[in-house]
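Undergrad: One structure is given below, represented as structure tokens, and several questions about it will come after.
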Amino acid sequence: MSASFEDCLGMLYSAVAQCRKGQTESAKRSLALALIVAAELPEQSRLYFQAAFCYAALLIESRHAPASVTPEMRSEAGALLDQCHESEASEMFASVLFEVLTELGEYKRALRFGNHALSLAIDHKKSISVADWLWKLGGCYSHLGLRDHAMIAYRGSARIFRNEPADPRLPVVLLALGNSVRKTAPSEAESLYKEAASLWESKGQLQSATPAWTNLAILCSDQQRFEEALNYYERVRQVRESSPGTPVVQIGRLYNNLASCYRKMGRFEDAHRSIERALEILEVLGAKTMDETSALGFAVGTKGMILRDEGKHLESLDWFRRACAEFEKQPNPNVENVIEELEHAAAALRHLERIGEVQAVETKIQSLRRAAAEVKAVGYDSNAPTDLTEDTLLIEVPFGNRRSAIEPELVPLGISIDEILKEKSLGAWSGLVRIPECATLICYGCDAHAMYLAIEPLMRSDSRFEGARFSIRHGNQQHEVMFSPSRVN
């Protein structure tokens, strides 16, 4: 692929970034500019650009006017992308397509390009990049409901990130790995949840710790350790309801999980009270995002299970069907969630002696399982070395993803750092990780100390570095520096 092709991809990515900031008109202008420049591309690059352009335009349209994005539009873009061979794609093309496809919920297509980017990272012996791609691929498998596939990816990622304990992705990967093994190895999952929670708690990042506490509560309630479960849920409630900026969907999920716990305890009055609150919160949201649609699907399914456990099979059947419909709204539905709701529906139909309908549901379940079995697992050697091959510079700034201006502030900052590091041939900025309490800019290169010294003049002139924490890993040595524009301690 030519350099001009990479420039066009950069314009598309810029359009996507502008869209995320709500700058729809600017995003459309960037798309138009990319289209003009692409007219000069050599013929072999045009197909790849057209595919990337179509998906970038789809993402922008889905943010601006989601109802206007039709299945036909997705199908046309997919047919174009299917003509592109990932083996011939550049690293940048694979990265941009993976990011856009996952944001659109096109996880199956995203796997192609994520696996290609992973193979490039392996070939170039970039260990942290390998860990990062394994984590991202695990997310795709998790969204598709393929726990065993996700476990392979997350386990490989965790093995590498454990060598980089300051990396903000480590507790996230541990939490995700715990979710992938919770049903098959609950004791391992509990250990992973506690390890992830302790990493956040040790830094006072309690909002970030709430997902780990939630999963500990779910695991405890599954094992009828109800007092422990309710204690964890209370910790989650206190933090989430007292923290300004907590997404409403997280409050809805909390009350859905509480309702599920009360159901297992046989406290049906409390279960109904909690699930009605969850439904009230989530239905008002209107399920505009995939996360909100998923949360509503779980809550609707929980309502069905409460009614089922009360012996109200006819009423529960409608809720199970509604839950299934919510999950199936996704471009690539989570097959595990859909099958679970279908199995609940089949059980209700048996109680109602509607055997003909049971057979139809079971046929659909078998079809979904066959389709899931066709998805290939990640191509990664679980015994591969985990030695870190690059130096790392982590820049943690003290404001997180609850601050609406974080994207326009931090992305240009990262770009400025990237330009300095590349000009001096020291390394590159590799993106940022955001949690509620802070954001971390991640840089890789040949010498972390030299990278730190190279960007020091920029830091001294920028108030956004006030109170920043720098983690510098050079070889096997690692230390932290607290920074103020006025002085370095």
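We label chains A, B, ... in the order they appear in the structure tokens, count residues from 1 in each chain, and number ligands from 1 in the order shown.
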Would you list the contacts of Lys303 of chain A as a list in words, taking every protein, DNA or RNA residue within 8 Å and counting only C-alpha atoms, but skipping same-chain residues closer than 3 positions in sequence?
TA: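 Counting only the stated atoms, we get His272, Ile275, Ala299, Val300, Ile306, Leu307, Ser316 and Trp319 of chain A.
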Undergrad: Take the residues from that selection and write them out as a PDB file, in the first residue's frame, keeping N, CA and C atoms.
TA:
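See part-v1.pdb below for the written result:
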ATOM      1  N   HIS A 272     -38.890  -8.137  42.584  1.00  0.00           N
ATOM      2  CA  HIS A 272     -39.759  -7.344  41.700  1.00  0.00           C
ATOM      3  C   HIS A 272     -39.490  -5.850  41.865  1.00  0.00           C
ATOM      4  N   ILE A 275     -36.167  -5.115  40.012  1.00  0.00           N
ATOM      5  CA  ILE A 275     -36.206  -5.240  38.552  1.00  0.00           C
ATOM      6  C   ILE A 275     -37.077  -4.156  37.947  1.00  0.00           C
ATOM      7  N   ALA A 299     -32.111  -7.246  31.755  1.00  0.00           N
ATOM      8  CA  ALA A 299     -33.162  -6.908  32.721  1.00  0.00           C
ATOM      9  C   ALA A 299     -34.493  -7.555  32.349  1.00  0.00           C
ATOM     10  N   VAL A 300     -34.830  -7.536  31.074  1.00  0.00           N
ATOM     11  CA  VAL A 300     -36.073  -8.173  30.619  1.00  0.00           C
ATOM     12  C   VAL A 300     -36.024  -9.680  30.912  1.00  0.00           C
ATOM     13  N   ILE A 306     -37.820 -14.253  37.284  1.00  0.00           N
ATOM     14  CA  ILE A 306     -38.552 -14.042  38.541  1.00  0.00           C
ATOM     15  C   ILE A 306     -39.963 -14.622  38.422  1.00  0.00           C
ATOM     16  N   LEU A 307     -40.639 -14.303  37.316  1.00  0.00           N
ATOM     17  CA  LEU A 307     -41.988 -14.825  37.097  1.00  0.00           C
ATOM     18  C   LEU A 307     -41.970 -16.350  36.989  1.00  0.00           C
ATOM     19  N   SER A 316     -43.989 -15.435  32.054  1.00  0.00           N
ATOM     20  CA  SER A 316     -42.537 -15.437  31.855  1.00  0.00           C
ATOM     21  C   SER A 316     -42.175 -15.622  30.391  1.00  0.00           C
ATOM     22  N   TRP A 319     -41.713 -12.446  28.483  1.00  0.00           N
ATOM     23  CA  TRP A 319     -40.498 -11.719  28.853  1.00  0.00           C
ATOM     24  C   TRP A 319     -39.257 -12.370  28.265  1.00  0.00           C
TER      25      TRP A 319
END
Undergrad: Name the residues of segment 428-486 of chain A that fall into strand (DSSP E) according to DSSP on the backbone, using the chain letters and numbers of this document, as an MDAnalysis selection string.
TA: chainID A and resid 428:434 439:445 468:474 477:484
Undergrad: Counting only C-alpha atoms, give me one row per residue of segment 135-232 of chain A with an atom at most 8 Å from an atom of segment 101-120 of chain A, showing the shortest contact pair and its distance in Å to one decimal, sorted by chain then residue number, as JSON lines.
TA:
{"residue": "A:Lys136", "atom": "CA", "partner": "A:Gly114", "partner_atom": "CA", "distance": 7.7}
{"residue": "A:Leu137", "atom": "CA", "partner": "A:Gly114", "partner_atom": "CA", "distance": 6.3}
{"residue": "A:Cys140", "atom": "CA", "partner": "A:Tyr107", "partner_atom": "CA", "distance": 5.5}
{"residue": "A:Tyr141", "atom": "CA", "partner": "A:Tyr107", "partner_atom": "CA", "distance": 7.7}
{"residue": "A:His143", "atom": "CA", "partner": "A:Tyr107", "partner_atom": "CA", "distance": 7.4}
{"residue": "A:Leu144", "atom": "CA", "partner": "A:Tyr107", "partner_atom": "CA", "distance": 7.1}
Undergrad: Once you count only C-alpha atoms, what closest atom pair and distance in Å to one decimal does each residue of segment 92-157 of chain A within 8 Å of segment 169-188 of chain A have, with rows by chain and rising residue number, as a tab-separated table?
TA:
residue	atom	partner	partner_atom	distance
A:Trp135	CA	A:Val173	CA	6.5
A:Ser142	CA	A:Ser180	CA	7.6
A:Arg147	CA	A:Ser180	CA	4.9
A:Asp148	CA	A:Ser180	CA	6.8
A:Ala150	CA	A:Ser180	CA	6.4
A:Met151	CA	A:Ser180	CA	5.3
A:Tyr154	CA	A:Leu177	CA	5.4
A:Arg155	CA	A:Leu177	CA	6.5
A:Ser157	CA	A:Val173	CA	7.2
Undergrad: Those residues with C-alpha atoms, as a short mmCIF file (atom, residue, chain, number, x, y, z; two decimals), in the first residue's frame please?
TA:
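Once written, again_24.cif looks like this:
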data_model
loop_
_atom_site.label_atom_id
_atom_site.label_comp_id
_atom_site.auth_asym_id
_atom_site.auth_seq_id
_atom_site.Cartn_x
_atom_site.Cartn_y
_atom_site.Cartn_z
CA TRP A 135 -7.14 -8.31 24.78
CA SER A 142 -16.85 -12.14 24.45
CA ARG A 147 -16.30 -17.77 26.22
CA ASP A 148 -13.75 -20.50 25.42
CA ALA A 150 -12.22 -15.38 24.68
CA MET A 151 -10.45 -17.28 27.47
CA TYR A 154 -7.39 -13.14 27.54
CA ARG A 155 -5.11 -15.72 29.14
CA SER A 157 -2.82 -11.23 27.16
#
Undergrad: At a cut-off of 9 Å, using only C-alpha atoms, what residues contact Val248 of chain A? Leave out same-chain residues fewer than 5 positions from it and give the result as a PyMOL selection string.
TA: chain A and resi 253+281-282+285
Undergrad: Per DSSP on the backbone, filter segment 257-441 of chain A down to the residues in helix (DSSP H, G or I) and report them as a PyMOL selection string.
TA: chain A and resi 257-265+268-285+290-309+313-327+335-351+355-373+406-423
Undergrad: Need the shell around segment 369-384 of chain A: protein/DNA/RNA residues with any atom at most 8 Å away, counting only C-alpha atoms. Skip same-chain ones fewer than 5 positions apart. Format as a list in words?
TA: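 Everything that qualifies: Asn115, Leu137, Leu146, His149, Ile152, Ala153, Gly156 and Val335 of chain A.
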Undergrad: My list of candidates is A:Leu230, A:Ile251, A:Leu432, A:Cys443. Which is closest to Asp418 of chain A when distances are computed with only C-alpha atoms?
TA: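 So, comparing all the options, the nearest one is A:Cys443.
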Undergrad: Determine, using only C-alpha atoms, which residues of segment 54-135 of chain A have any atom at most 12 Å from an atom of segment 11-30 of chain A, and tabulate each with its shortest atom pair and distance in Å to one decimal place, rows ordered by chain and then rising number, as a tab-separated table.
TA:
residue	atom	partner	partner_atom	distance
A:Cys54	CA	A:Leu12	CA	10.0
A:Tyr55	CA	A:Leu12	CA	9.6
A:Ala56	CA	A:Val16	CA	6.5
A:Ala57	CA	A:Lys28	CA	8.1
A:Leu58	CA	A:Val16	CA	10.1
A:Leu59	CA	A:Val16	CA	7.5
A:Ile60	CA	A:Cys19	CA	5.9
A:Glu61	CA	A:Thr24	CA	8.8
A:Ser62	CA	A:Cys19	CA	10.0
A:Arg63	CA	A:Cys19	CA	7.3
A:His64	CA	A:Thr24	CA	7.0
A:Ala65	CA	A:Thr24	CA	10.4
A:Met92	CA	A:Tyr13	CA	10.1
A:Phe93	CA	A:Tyr13	CA	10.1
A:Ser95	CA	A:Tyr13	CA	10.1
A:Val96	CA	A:Tyr13	CA	6.8
A:Leu97	CA	A:Tyr13	CA	9.6
A:Phe98	CA	A:Tyr13	CA	11.7
A:Glu99	CA	A:Tyr13	CA	9.6
A:Val100	CA	A:Val16	CA	8.2
A:Leu101	CA	A:Val16	CA	11.8
A:Glu103	CA	A:Val16	CA	10.5
A:Leu104	CA	A:Val16	CA	11.8
